[in-house]
file protein-v7.cif (mmCIF, C-alpha atoms)
data_my_file
#
loop_
_atom_site.group_PDB
_atom_site.id
_atom_site.type_symbol
_atom_site.label_atom_id
_atom_site.label_comp_id
_atom_site.auth_asym_id
_atom_site.auth_seq_id
_atom_site.Cartn_x
_atom_site.Cartn_y
_atom_site.Cartn_z
ATOM 1 C CA MET A 1 112.845 5.089 19.198
ATOM 2 C CA GLU A 2 110.912 6.936 21.795
ATOM 3 C CA GLU A 3 110.603 9.850 19.439
ATOM 4 C CA ASN A 4 109.323 7.594 16.687
ATOM 5 C CA GLU A 5 106.779 6.085 19.033
ATOM 6 C CA LYS A 6 105.702 9.519 20.076
ATOM 7 C CA ASN A 7 105.317 10.507 16.447
ATOM 8 C CA LEU A 8 103.340 7.355 15.732
ATOM 9 C CA GLU A 9 100.844 7.926 18.581
ATOM 10 C CA PRO A 10 99.181 10.927 17.035
ATOM 11 C CA GLN A 11 99.012 9.138 13.732
ATOM 12 C CA ASN A 12 97.418 6.142 15.400
ATOM 13 C CA GLU A 13 94.960 8.419 17.123
ATOM 14 C CA GLU A 14 94.074 10.006 13.807
ATOM 15 C CA ILE A 15 93.635 6.571 12.229
ATOM 16 C CA ASN A 16 91.442 5.464 15.119
ATOM 17 C CA GLN A 17 89.371 8.601 14.839
ATOM 18 C CA THR A 18 88.936 8.100 11.124
ATOM 19 C CA GLU A 19 87.996 4.466 11.699
ATOM 20 C CA ASN A 20 85.541 5.466 14.396
ATOM 21 C CA GLN A 21 84.069 8.058 12.085
ATOM 22 C CA GLU A 22 83.795 5.471 9.307
ATOM 23 C CA THR A 23 82.143 2.960 11.635
ATOM 24 C CA ASP A 24 79.777 5.677 12.871
ATOM 25 C CA ASN A 25 78.975 6.596 9.285
ATOM 26 C CA LEU A 26 78.427 2.952 8.464
ATOM 27 C CA SER A 27 76.197 2.468 11.488
ATOM 28 C CA THR A 28 74.200 5.576 10.650
ATOM 29 C CA GLU A 29 73.934 4.462 7.032
ATOM 30 C CA ALA A 30 72.865 0.976 8.150
ATOM 31 C CA ALA A 31 70.390 2.471 10.529
ATOM 32 C CA ALA A 32 69.116 4.713 7.778
ATOM 33 C CA THR A 33 68.862 1.784 5.406
ATOM 34 C CA GLU A 34 67.039 -0.193 8.114
ATOM 35 C CA GLU A 35 64.739 2.735 8.858
ATOM 36 C CA GLU A 36 63.856 3.223 5.173
ATOM 37 C CA PRO A 37 62.058 -0.157 4.755
ATOM 38 C CA LYS A 38 60.437 0.372 8.162
ATOM 39 C CA ALA A 39 59.188 3.748 7.000
ATOM 40 C CA GLU A 40 58.001 2.201 3.760
ATOM 41 C CA GLU A 41 56.258 -0.545 5.729
ATOM 42 C CA ALA A 42 54.676 2.090 7.943
ATOM 43 C CA THR A 43 53.448 4.062 4.948
ATOM 44 C CA GLU A 44 52.095 0.853 3.390
ATOM 45 C CA ASN A 45 50.387 -0.026 6.666
ATOM 46 C CA GLU A 46 48.960 3.488 6.825
ATOM 47 C CA LYS A 47 47.739 3.105 3.256
ATOM 48 C CA LYS A 48 46.145 -0.215 4.174
ATOM 49 C CA GLU A 49 44.569 1.289 7.267
ATOM 50 C CA GLU A 50 43.184 4.270 5.321
ATOM 51 C CA PRO A 51 40.874 2.178 3.100
ATOM 52 C CA LYS A 52 39.811 0.231 6.187
ATOM 53 C CA LYS A 53 38.882 3.492 7.852
ATOM 54 C CA GLU A 54 37.107 4.589 4.680
ATOM 55 C CA GLU A 55 35.345 1.203 4.551
ATOM 56 C CA LYS A 56 34.262 1.618 8.161
ATOM 57 C CA ARG A 57 33.069 5.125 7.460
ATOM 58 C CA GLY A 58 31.274 3.904 4.332
ATOM 59 C CA PHE A 59 29.672 1.058 6.266
ATOM 60 C CA PHE A 60 28.420 3.332 9.024
ATOM 61 C CA GLY A 61 27.333 5.857 6.407
ATOM 62 C CA LYS A 62 25.319 3.198 4.582
ATOM 63 C CA LYS A 63 23.909 2.039 7.891
ATOM 64 C CA ASN A 64 22.802 5.561 8.731
ATOM 65 C CA ASN A 65 21.273 5.962 5.254
ATOM 66 C CA LYS A 66 19.317 2.728 5.647
ATOM 67 C CA GLU A 67 18.078 3.813 9.056
ATOM 68 C CA ASP A 68 16.955 7.141 7.585
ATOM 69 C CA GLU A 69 15.162 5.357 4.732
ATOM 70 C CA LEU A 70 13.449 3.007 7.197
ATOM 71 C CA LYS A 71 12.372 5.963 9.315
ATOM 72 C CA LYS A 72 10.938 7.689 6.248
ATOM 73 C CA LYS A 73 9.084 4.525 5.213
ATOM 74 C CA ILE A 74 7.707 4.115 8.736
ATOM 75 C CA GLU A 75 6.532 7.729 8.726
ATOM 76 C CA GLU A 76 4.888 7.241 5.303
ATOM 77 C CA LEU A 77 3.177 4.072 6.534
ATOM 78 C CA GLU A 78 1.922 5.870 9.619
ATOM 79 C CA ILE A 79 0.478 8.622 7.415
ATOM 80 C CA GLN A 80 -1.191 6.032 5.153
ATOM 81 C CA LYS A 81 -2.556 4.221 8.206
ATOM 82 C CA LYS A 82 -4.024 7.447 9.531
ATOM 83 C CA GLU A 83 -5.614 8.256 6.159
ATOM 84 C CA LEU A 84 -7.087 4.739 5.865
ATOM 85 C CA ASN A 85 -8.505 4.947 9.389
ATOM 86 C CA GLU A 86 -10.138 8.261 8.566
ATOM 87 C CA LYS A 87 -11.589 6.836 5.330
ATOM 88 C CA PHE A 88 -12.858 3.766 7.181
ATOM 89 C CA LEU A 89 -14.549 5.883 9.847
ATOM 90 C CA HIS A 90 -16.086 8.088 7.170
ATOM 91 C CA LEU A 91 -17.401 5.101 5.201
ATOM 92 C CA TYR A 92 -18.652 3.400 8.354
ATOM 93 C CA SER A 93 -20.584 6.492 9.404
ATOM 94 C CA GLU A 94 -22.031 6.826 5.887
ATOM 95 C CA PHE A 95 -23.064 3.145 5.864
ATOM 96 C CA ASP A 96 -24.625 3.474 9.306
ATOM 97 C CA ASN A 97 -26.600 6.516 8.170
ATOM 98 C CA TYR A 98 -27.646 4.680 4.989
ATOM 99 C CA LYS A 99 -28.801 1.678 7.011
ATOM 100 C CA LYS A 100 -30.847 3.832 9.359
ATOM 101 C CA ARG A 101 -32.332 5.736 6.439
ATOM 102 C CA THR A 102 -33.301 2.574 4.531
ATOM 103 C CA ASN A 103 -34.870 1.022 7.638
ATOM 104 C CA ARG A 104 -36.863 4.184 8.209
ATOM 105 C CA GLU A 105 -37.914 4.247 4.553
ATOM 106 C CA LYS A 106 -39.027 0.597 4.742
ATOM 107 C CA LEU A 107 -41.164 1.317 7.775
ATOM 108 C CA GLU A 108 -42.616 4.374 6.073
ATOM 109 C CA LEU A 109 -43.267 2.317 2.938
ATOM 110 C CA LEU A 110 -45.126 -0.326 4.932
ATOM 111 C CA ASP A 111 -47.163 2.347 6.640
ATOM 112 C CA THR A 112 -47.966 4.128 3.391
ATOM 113 C CA ALA A 113 -48.732 0.809 1.622
ATOM 114 C CA SER A 114 -51.210 -0.218 4.290
ATOM 115 C CA GLU A 115 -52.602 3.307 4.232
ATOM 116 C CA LYS A 116 -53.213 3.107 0.470
ATOM 117 C CA VAL A 117 -55.007 -0.238 0.809
ATOM 118 C CA ILE A 118 -57.179 0.988 3.672
ATOM 119 C CA VAL A 119 -58.043 4.220 1.832
ATOM 120 C CA ASN A 120 -59.186 2.144 -1.156
ATOM 121 C CA ILE A 121 -61.171 -0.262 1.021
ATOM 122 C CA LEU A 122 -63.097 2.503 2.785
ATOM 123 C CA PRO A 123 -65.418 3.238 -0.183
ATOM 124 C CA ILE A 124 -66.333 -0.476 -0.341
ATOM 125 C CA ILE A 125 -67.186 -0.426 3.365
ATOM 126 C CA ASP A 126 -69.348 2.598 2.647
ATOM 127 C CA ASP A 127 -71.128 0.568 -0.054
ATOM 128 C CA PHE A 128 -71.716 -2.295 2.382
ATOM 129 C CA GLU A 129 -73.173 0.070 4.951
ATOM 130 C CA ARG A 130 -75.477 1.653 2.385
ATOM 131 C CA ALA A 131 -76.552 -1.818 1.146
ATOM 132 C CA ILE A 132 -77.315 -3.012 4.674
ATOM 133 C CA LYS A 133 -79.339 0.116 5.388
ATOM 134 C CA ALA A 134 -81.199 -0.149 2.088
ATOM 135 C CA ASN A 135 -81.954 -3.850 2.569
ATOM 136 C CA GLU A 136 -83.625 -3.414 5.948
ATOM 137 C CA ASN A 137 -87.077 -2.931 4.433
ATOM 138 C CA LEU A 138 -86.393 -4.436 1.006
ATOM 139 C CA GLU A 139 -88.298 -7.531 -0.046
ATOM 140 C CA ASP A 140 -86.943 -7.985 -3.584
ATOM 141 C CA ILE A 141 -84.156 -10.597 -3.299
ATOM 142 C CA GLN A 142 -82.917 -9.946 -6.824
ATOM 143 C CA VAL A 143 -82.036 -6.369 -5.930
ATOM 144 C CA ILE A 144 -80.091 -7.590 -2.893
ATOM 145 C CA LYS A 145 -78.178 -10.069 -5.062
ATOM 146 C CA GLU A 146 -77.310 -7.378 -7.565
ATOM 147 C CA GLY A 147 -76.115 -5.097 -4.761
ATOM 148 C CA PHE A 148 -73.821 -7.792 -3.379
ATOM 149 C CA SER A 149 -72.479 -8.555 -6.873
ATOM 150 C CA LEU A 150 -71.645 -4.883 -7.436
ATOM 151 C CA ILE A 151 -69.738 -4.680 -4.145
ATOM 152 C CA TYR A 152 -67.923 -7.953 -4.877
ATOM 153 C CA ASN A 153 -66.844 -6.757 -8.338
ATOM 154 C CA LYS A 154 -65.666 -3.510 -6.826
ATOM 155 C CA MET A 155 -63.513 -5.471 -4.359
ATOM 156 C CA LEU A 156 -62.007 -7.533 -7.185
ATOM 157 C CA GLN A 157 -61.146 -4.356 -9.070
ATOM 158 C CA LEU A 158 -59.390 -3.062 -5.979
ATOM 159 C CA LEU A 159 -57.344 -6.273 -5.705
ATOM 160 C CA ASN A 160 -56.384 -6.081 -9.386
ATOM 161 C CA ARG A 161 -55.242 -2.491 -8.835
ATOM 162 C CA PHE A 162 -52.730 -3.797 -6.272
ATOM 163 C CA ASP A 163 -51.627 -6.672 -8.575
ATOM 164 C CA VAL A 164 -53.427 -9.255 -6.442
ATOM 165 C CA THR A 165 -54.631 -12.208 -8.481
ATOM 166 C CA GLU A 166 -56.401 -15.441 -7.650
ATOM 167 C CA ILE A 167 -54.408 -18.695 -7.858
ATOM 168 C CA SER A 168 -56.035 -21.104 -10.279
ATOM 169 C CA ALA A 169 -56.574 -24.436 -8.528
ATOM 170 C CA LYS A 170 -59.579 -26.567 -9.564
ATOM 171 C CA GLY A 171 -58.673 -29.012 -12.292
ATOM 172 C CA GLU A 172 -54.967 -28.101 -12.062
ATOM 173 C CA VAL A 173 -52.161 -30.522 -11.202
ATOM 174 C CA PHE A 174 -51.410 -30.325 -7.481
ATOM 175 C CA ASP A 175 -48.456 -27.947 -6.940
ATOM 176 C CA THR A 176 -46.950 -27.547 -3.461
ATOM 177 C CA ASP A 177 -45.674 -24.081 -4.466
ATOM 178 C CA LEU A 178 -49.272 -22.870 -4.939
ATOM 179 C CA HIS A 179 -51.584 -25.328 -3.216
ATOM 180 C CA GLU A 180 -52.066 -26.720 0.267
ATOM 181 C CA ALA A 181 -53.711 -30.146 0.438
ATOM 182 C CA VAL A 182 -56.443 -30.223 3.064
ATOM 183 C CA THR A 183 -57.400 -33.825 2.321
ATOM 184 C CA HIS A 184 -57.178 -36.533 -0.336
ATOM 185 C CA PHE A 185 -60.219 -38.014 -2.021
ATOM 186 C CA PRO A 186 -60.565 -40.928 -4.457
ATOM 187 C CA ALA A 187 -60.499 -39.510 -7.981
ATOM 188 C CA PRO A 188 -63.641 -40.140 -10.052
ATOM 189 C CA THR A 189 -61.488 -40.833 -13.143
ATOM 190 C CA GLU A 190 -57.890 -41.771 -13.901
ATOM 191 C CA GLU A 191 -57.257 -38.354 -15.427
ATOM 192 C CA GLU A 192 -58.115 -36.555 -12.166
ATOM 193 C CA LYS A 193 -55.557 -38.469 -10.105
ATOM 194 C CA GLY A 194 -52.956 -36.075 -8.691
ATOM 195 C CA LYS A 195 -55.129 -33.096 -9.607
ATOM 196 C CA VAL A 196 -57.200 -30.667 -7.537
ATOM 197 C CA ILE A 197 -60.797 -31.920 -7.301
ATOM 198 C CA ASP A 198 -62.198 -29.157 -5.107
ATOM 199 C CA VAL A 199 -61.143 -25.843 -3.505
ATOM 200 C CA THR A 200 -62.092 -25.159 0.120
ATOM 201 C CA GLU A 201 -60.367 -21.760 0.270
ATOM 202 C CA LYS A 202 -59.061 -19.646 -2.588
ATOM 203 C CA GLY A 203 -55.402 -18.694 -2.783
ATOM 204 C CA TYR A 204 -53.977 -15.330 -3.837
ATOM 205 C CA LYS A 205 -50.640 -13.911 -4.927
ATOM 206 C CA ILE A 206 -49.191 -10.463 -5.504
ATOM 207 C CA LYS A 207 -47.491 -10.637 -8.898
ATOM 208 C CA GLU A 208 -45.482 -13.874 -8.509
ATOM 209 C CA LYS A 209 -45.376 -13.967 -4.697
ATOM 210 C CA VAL A 210 -47.907 -16.220 -2.972
ATOM 211 C CA ILE A 211 -49.601 -14.400 -0.092
ATOM 212 C CA ARG A 212 -52.080 -17.219 0.652
ATOM 213 C CA TYR A 213 -51.942 -20.823 -0.532
ATOM 214 C CA ALA A 214 -55.079 -22.323 -1.997
ATOM 215 C CA LYS A 215 -56.534 -25.010 0.286
ATOM 216 C CA VAL A 216 -57.588 -27.873 -1.922
ATOM 217 C CA VAL A 217 -58.794 -31.469 -2.093
ATOM 218 C CA VAL A 218 -56.474 -33.703 -4.126
ATOM 219 C CA GLY A 219 -57.615 -36.781 -6.069
ATOM 220 C CA GLN A 220 -55.934 -40.128 -5.376
#
call {"tool": "encode", "arguments": {"input": "protein-v7.cif", "output": "structure tokens"}}
result
Amino acid sequence: MEENEKNLEPQNEEINQTENQETDNLSTEAAATEEEPKAEEATENEKKEEPKKEEKRGFFGKKNNKEDELKKKIEELEIQKKELNEKFLHLYSEFDNYKKRTNREKLELLDTASEKVIVNILPIIDDFERAIKANENLEDIQVIKEGFSLIYNKMLQLLNRFDVTEISAKGEVFDTDLHEAVTHFPAPTEEEKGKVIDVTEKGYKIKEKVIRYAKVVVGQ
């Protein structure tokens, strides 16, 4: 019996070893099987994280692109602003020069206009002086009248040369744009009511511009 037990002990040890090996193999296989889904989950998680990283990179990339575009637009606007300021300053200086030039030309025109009138009046003054000198010892009144008429006609010709015309008043309907009523007088007839009866001072105009209103008496 003891011998049989001794013979059985090594067999039992071998069986136990084989069982232990089988359990170890099973545990390793189970661990491997457990690790496989974990690894798959990890790879899936990595795959999920990769697009997130790409999305983040894409987002920051788009953000950087937008910032660059905004910077370019700001630079372009600054350039346009500078160009517009330069154009404005150029136009302002040109306008200022034009204004000064036109004001100077107006003053020169007034001076030259008055000069032309005075130059044309001087010969008439010469005629008056000659007439006064000639009339000192003259007894013929008719000659004096003719001399005055000649000078008067010469003055009218000068006025016509400068487009100065007399405003017609006597017998015309009273017009505030042409006439200035000095007084009102009872009209001799019904037809003369509201019309100019008499002229106390003649009126004149240059072309269509009134330079002196005619002072008149209006019939009531």
call {"tool": "resolve_selection", "arguments": {"input": "protein-v7.cif", "expression": "the PyMOL selection byres ((chain A and resi 180-187) around 12)", "output": "number ranges by chain"}}
result
A: 167, 169, 171, 173-179, 188-203, 210, 212-220
call {"tool": "write_last_selection", "arguments": {"input": "protein-v7.cif", "atoms": "C-alpha atoms", "output": "PDB file, in the frame of the given file"}}
result
ATOM      1  CA  ILE A 167     -54.408 -18.695  -7.858  1.00  0.00           C
ATOM      2  CA  ALA A 169     -56.574 -24.436  -8.528  1.00  0.00           C
ATOM      3  CA  GLY A 171     -58.673 -29.012 -12.292  1.00  0.00           C
ATOM      4  CA  VAL A 173     -52.161 -30.522 -11.202  1.00  0.00           C
ATOM      5  CA  PHE A 174     -51.410 -30.325  -7.481  1.00  0.00           C
ATOM      6  CA  ASP A 175     -48.456 -27.947  -6.940  1.00  0.00           C
ATOM      7  CA  THR A 176     -46.950 -27.547  -3.461  1.00  0.00           C
ATOM      8  CA  ASP A 177     -45.674 -24.081  -4.466  1.00  0.00           C
ATOM      9  CA  LEU A 178     -49.272 -22.870  -4.939  1.00  0.00           C
ATOM     10  CA  HIS A 179     -51.584 -25.328  -3.216  1.00  0.00           C
ATOM     11  CA  PRO A 188     -63.641 -40.140 -10.052  1.00  0.00           C
ATOM     12  CA  THR A 189     -61.488 -40.833 -13.143  1.00  0.00           C
ATOM     13  CA  GLU A 190     -57.890 -41.771 -13.901  1.00  0.00           C
ATOM     14  CA  GLU A 191     -57.257 -38.354 -15.427  1.00  0.00           C
ATOM     15  CA  GLU A 192     -58.115 -36.555 -12.166  1.00  0.00           C
ATOM     16  CA  LYS A 193     -55.557 -38.469 -10.105  1.00  0.00           C
ATOM     17  CA  GLY A 194     -52.956 -36.075  -8.691  1.00  0.00           C
ATOM     18  CA  LYS A 195     -55.129 -33.096  -9.607  1.00  0.00           C
ATOM     19  CA  VAL A 196     -57.200 -30.667  -7.537  1.00  0.00           C
ATOM     20  CA  ILE A 197     -60.797 -31.920  -7.301  1.00  0.00           C
ATOM     21  CA  ASP A 198     -62.198 -29.157  -5.107  1.00  0.00           C
ATOM     22  CA  VAL A 199     -61.143 -25.843  -3.505  1.00  0.00           C
ATOM     23  CA  THR A 200     -62.092 -25.159   0.120  1.00  0.00           C
ATOM     24  CA  GLU A 201     -60.367 -21.760   0.270  1.00  0.00           C
ATOM     25  CA  LYS A 202     -59.061 -19.646  -2.588  1.00  0.00           C
ATOM     26  CA  GLY A 203     -55.402 -18.694  -2.783  1.00  0.00           C
ATOM     27  CA  VAL A 210     -47.907 -16.220  -2.972  1.00  0.00           C
ATOM     28  CA  ARG A 212     -52.080 -17.219   0.652  1.00  0.00           C
ATOM     29  CA  TYR A 213     -51.942 -20.823  -0.532  1.00  0.00           C
ATOM     30  CA  ALA A 214     -55.079 -22.323  -1.997  1.00  0.00           C
ATOM     31  CA  LYS A 215     -56.534 -25.010   0.286  1.00  0.00           C
ATOM     32  CA  VAL A 216     -57.588 -27.873  -1.922  1.00  0.00           C
ATOM     33  CA  VAL A 217     -58.794 -31.469  -2.093  1.00  0.00           C
ATOM     34  CA  VAL A 218     -56.474 -33.703  -4.126  1.00  0.00           C
ATOM     35  CA  GLY A 219     -57.615 -36.781  -6.069  1.00  0.00           C
ATOM     36  CA  GLN A 220     -55.934 -40.128  -5.376  1.00  0.00           C
TER      37      GLN A 220
END
call {"tool": "axis_aligned_box", "arguments": {"input": "protein-v7.cif", "around": "stretch 82-85 of chain A", "padding_each_side": "5 Å", "output": "AutoDock Vina command-line options"}}
result
--center_x -6.3 --center_y 6.5 --center_z 7.7 --size_x 14.5 --size_y 13.5 --size_z 13.7
call {"tool": "atom_distance", "arguments": {"input": "protein-v7.cif", "atom1": "atom CA of A:Ile206", "atom2": "atom CA of A:Glu166"}}
result
9.0 Å
call {"tool": "atom_distance", "arguments": {"input": "protein-v7.cif", "atom1": "atom CA of A:Asn120", "atom2": "atom CA of A:Val143"}}
result
24.8 Å
call {"tool": "residues_around", "arguments": {"input": "protein-v7.cif", "residues": "stretch 149-163 of chain A", "least_positions_apart": "5", "cutoff": "7 Å", "atoms": "only C-alpha atoms", "output": "CSV table (one decimal) with C-alpha atoms, in the frame of the given file"}}
result
chain,number,residue,atom,x,y,z
A,124,ILE,CA,-66.3,-0.5,-0.3
A,127,ASP,CA,-71.1,0.6,-0.1
A,206,ILE,CA,-49.2,-10.5,-5.5
A,207,LYS,CA,-47.5,-10.6,-8.9
call {"tool": "closest_residue", "arguments": {"input": "protein-v7.cif", "among": "A:Val164, A:Ile211, A:Leu110, A:Phe128", "to": "A:Gly147", "atoms": "all atoms listed in the file"}}
result
A:Phe128
call {"tool": "atom_distance", "arguments": {"input": "protein-v7.cif", "atom1": "atom CA of A:Leu77", "atom2": "atom CA of A:Leu89"}}
result
18.1 Å
call {"tool": "decode", "arguments": {"input": "protein-v7.cif", "residues": "stretch 133-215 of chain A", "atoms": "C-alpha atoms", "output": "CSV table (one decimal), in the first residue's frame"}}
result
chain,number,residue,atom,x,y,z
A,133,LYS,CA,-14.4,178.4,-71.4
A,134,ALA,CA,-16.0,179.2,-74.8
A,135,ASN,CA,-19.2,180.5,-73.1
A,136,GLU,CA,-17.4,183.1,-70.9
A,137,ASN,CA,-17.7,185.8,-73.5
A,138,LEU,CA,-20.5,184.3,-75.6
A,139,GLU,CA,-23.8,186.2,-75.9
A,140,ASP,CA,-25.6,183.9,-78.3
A,141,ILE,CA,-27.8,181.6,-76.2
A,142,GLN,CA,-28.7,179.3,-79.0
A,143,VAL,CA,-25.0,178.3,-79.4
A,144,ILE,CA,-24.8,177.6,-75.7
A,145,LYS,CA,-28.0,175.4,-76.0
A,146,GLU,CA,-26.5,173.5,-78.9
A,147,GLY,CA,-23.3,172.9,-77.0
A,148,PHE,CA,-25.1,171.5,-74.0
A,149,SER,CA,-27.2,169.3,-76.3
A,150,LEU,CA,-24.1,167.9,-78.0
A,151,ILE,CA,-22.5,167.0,-74.6
A,152,TYR,CA,-25.7,165.5,-73.4
A,153,ASN,CA,-26.1,163.3,-76.5
A,154,LYS,CA,-22.5,162.2,-76.1
A,155,MET,CA,-23.2,161.2,-72.5
A,156,LEU,CA,-26.2,159.1,-73.6
A,157,GLN,CA,-24.1,157.4,-76.2
A,158,LEU,CA,-21.6,156.5,-73.5
A,159,LEU,CA,-24.3,155.0,-71.4
A,160,ASN,CA,-25.7,153.0,-74.3
A,161,ARG,CA,-22.1,151.7,-74.9
A,162,PHE,CA,-22.2,150.2,-71.4
A,163,ASP,CA,-25.8,148.8,-71.8
A,164,VAL,CA,-27.3,151.4,-69.5
A,165,THR,CA,-30.8,152.3,-70.5
A,166,GLU,CA,-33.4,154.6,-69.1
A,167,ILE,CA,-36.5,153.0,-67.3
A,168,SER,CA,-39.7,154.1,-68.9
A,169,ALA,CA,-42.0,155.5,-66.3
A,170,LYS,CA,-44.4,158.3,-67.3
A,171,GLY,CA,-47.8,156.9,-68.3
A,172,GLU,CA,-46.8,153.4,-67.3
A,173,VAL,CA,-48.5,151.2,-64.7
A,174,PHE,CA,-46.8,151.6,-61.4
A,175,ASP,CA,-44.4,148.7,-60.9
A,176,THR,CA,-42.5,148.3,-57.6
A,177,ASP,CA,-39.8,146.4,-59.4
A,178,LEU,CA,-38.9,149.5,-61.5
A,179,HIS,CA,-40.5,152.5,-59.8
A,180,GLU,CA,-40.3,154.2,-56.4
A,181,ALA,CA,-43.4,156.2,-55.4
A,182,VAL,CA,-42.4,159.5,-54.0
A,183,THR,CA,-46.0,160.6,-53.5
A,184,HIS,CA,-49.6,159.9,-54.6
A,185,PHE,CA,-51.7,162.5,-56.4
A,186,PRO,CA,-55.4,162.4,-57.5
A,187,ALA,CA,-55.6,161.1,-61.0
A,188,PRO,CA,-57.1,163.6,-63.6
A,189,THR,CA,-58.9,160.7,-65.3
A,190,GLU,CA,-60.0,157.1,-64.4
A,191,GLU,CA,-57.5,155.7,-66.9
A,192,GLU,CA,-54.6,157.3,-65.0
A,193,LYS,CA,-55.4,155.7,-61.7
A,194,GLY,CA,-52.6,153.4,-60.6
A,195,LYS,CA,-50.3,154.8,-63.3
A,196,VAL,CA,-47.3,157.1,-63.1
A,197,ILE,CA,-48.4,160.7,-63.6
A,198,ASP,CA,-45.0,162.4,-63.2
A,199,VAL,CA,-41.3,161.5,-62.9
A,200,THR,CA,-39.2,163.4,-60.3
A,201,GLU,CA,-36.0,161.4,-61.0
A,202,LYS,CA,-35.2,159.1,-63.9
A,203,GLY,CA,-34.4,155.5,-63.3
A,204,TYR,CA,-31.7,153.4,-65.1
A,205,LYS,CA,-30.8,149.8,-65.5
A,206,ILE,CA,-27.9,147.8,-66.9
A,207,LYS,CA,-29.4,145.2,-69.2
A,208,GLU,CA,-32.1,143.8,-66.9
A,209,LYS,CA,-30.6,144.9,-63.6
A,210,VAL,CA,-32.0,148.0,-62.0
A,211,ILE,CA,-29.2,150.3,-60.8
A,212,ARG,CA,-31.5,153.2,-59.8
A,213,TYR,CA,-35.3,153.1,-59.4
A,214,ALA,CA,-37.3,155.8,-61.0
A,215,LYS,CA,-38.9,158.2,-58.5
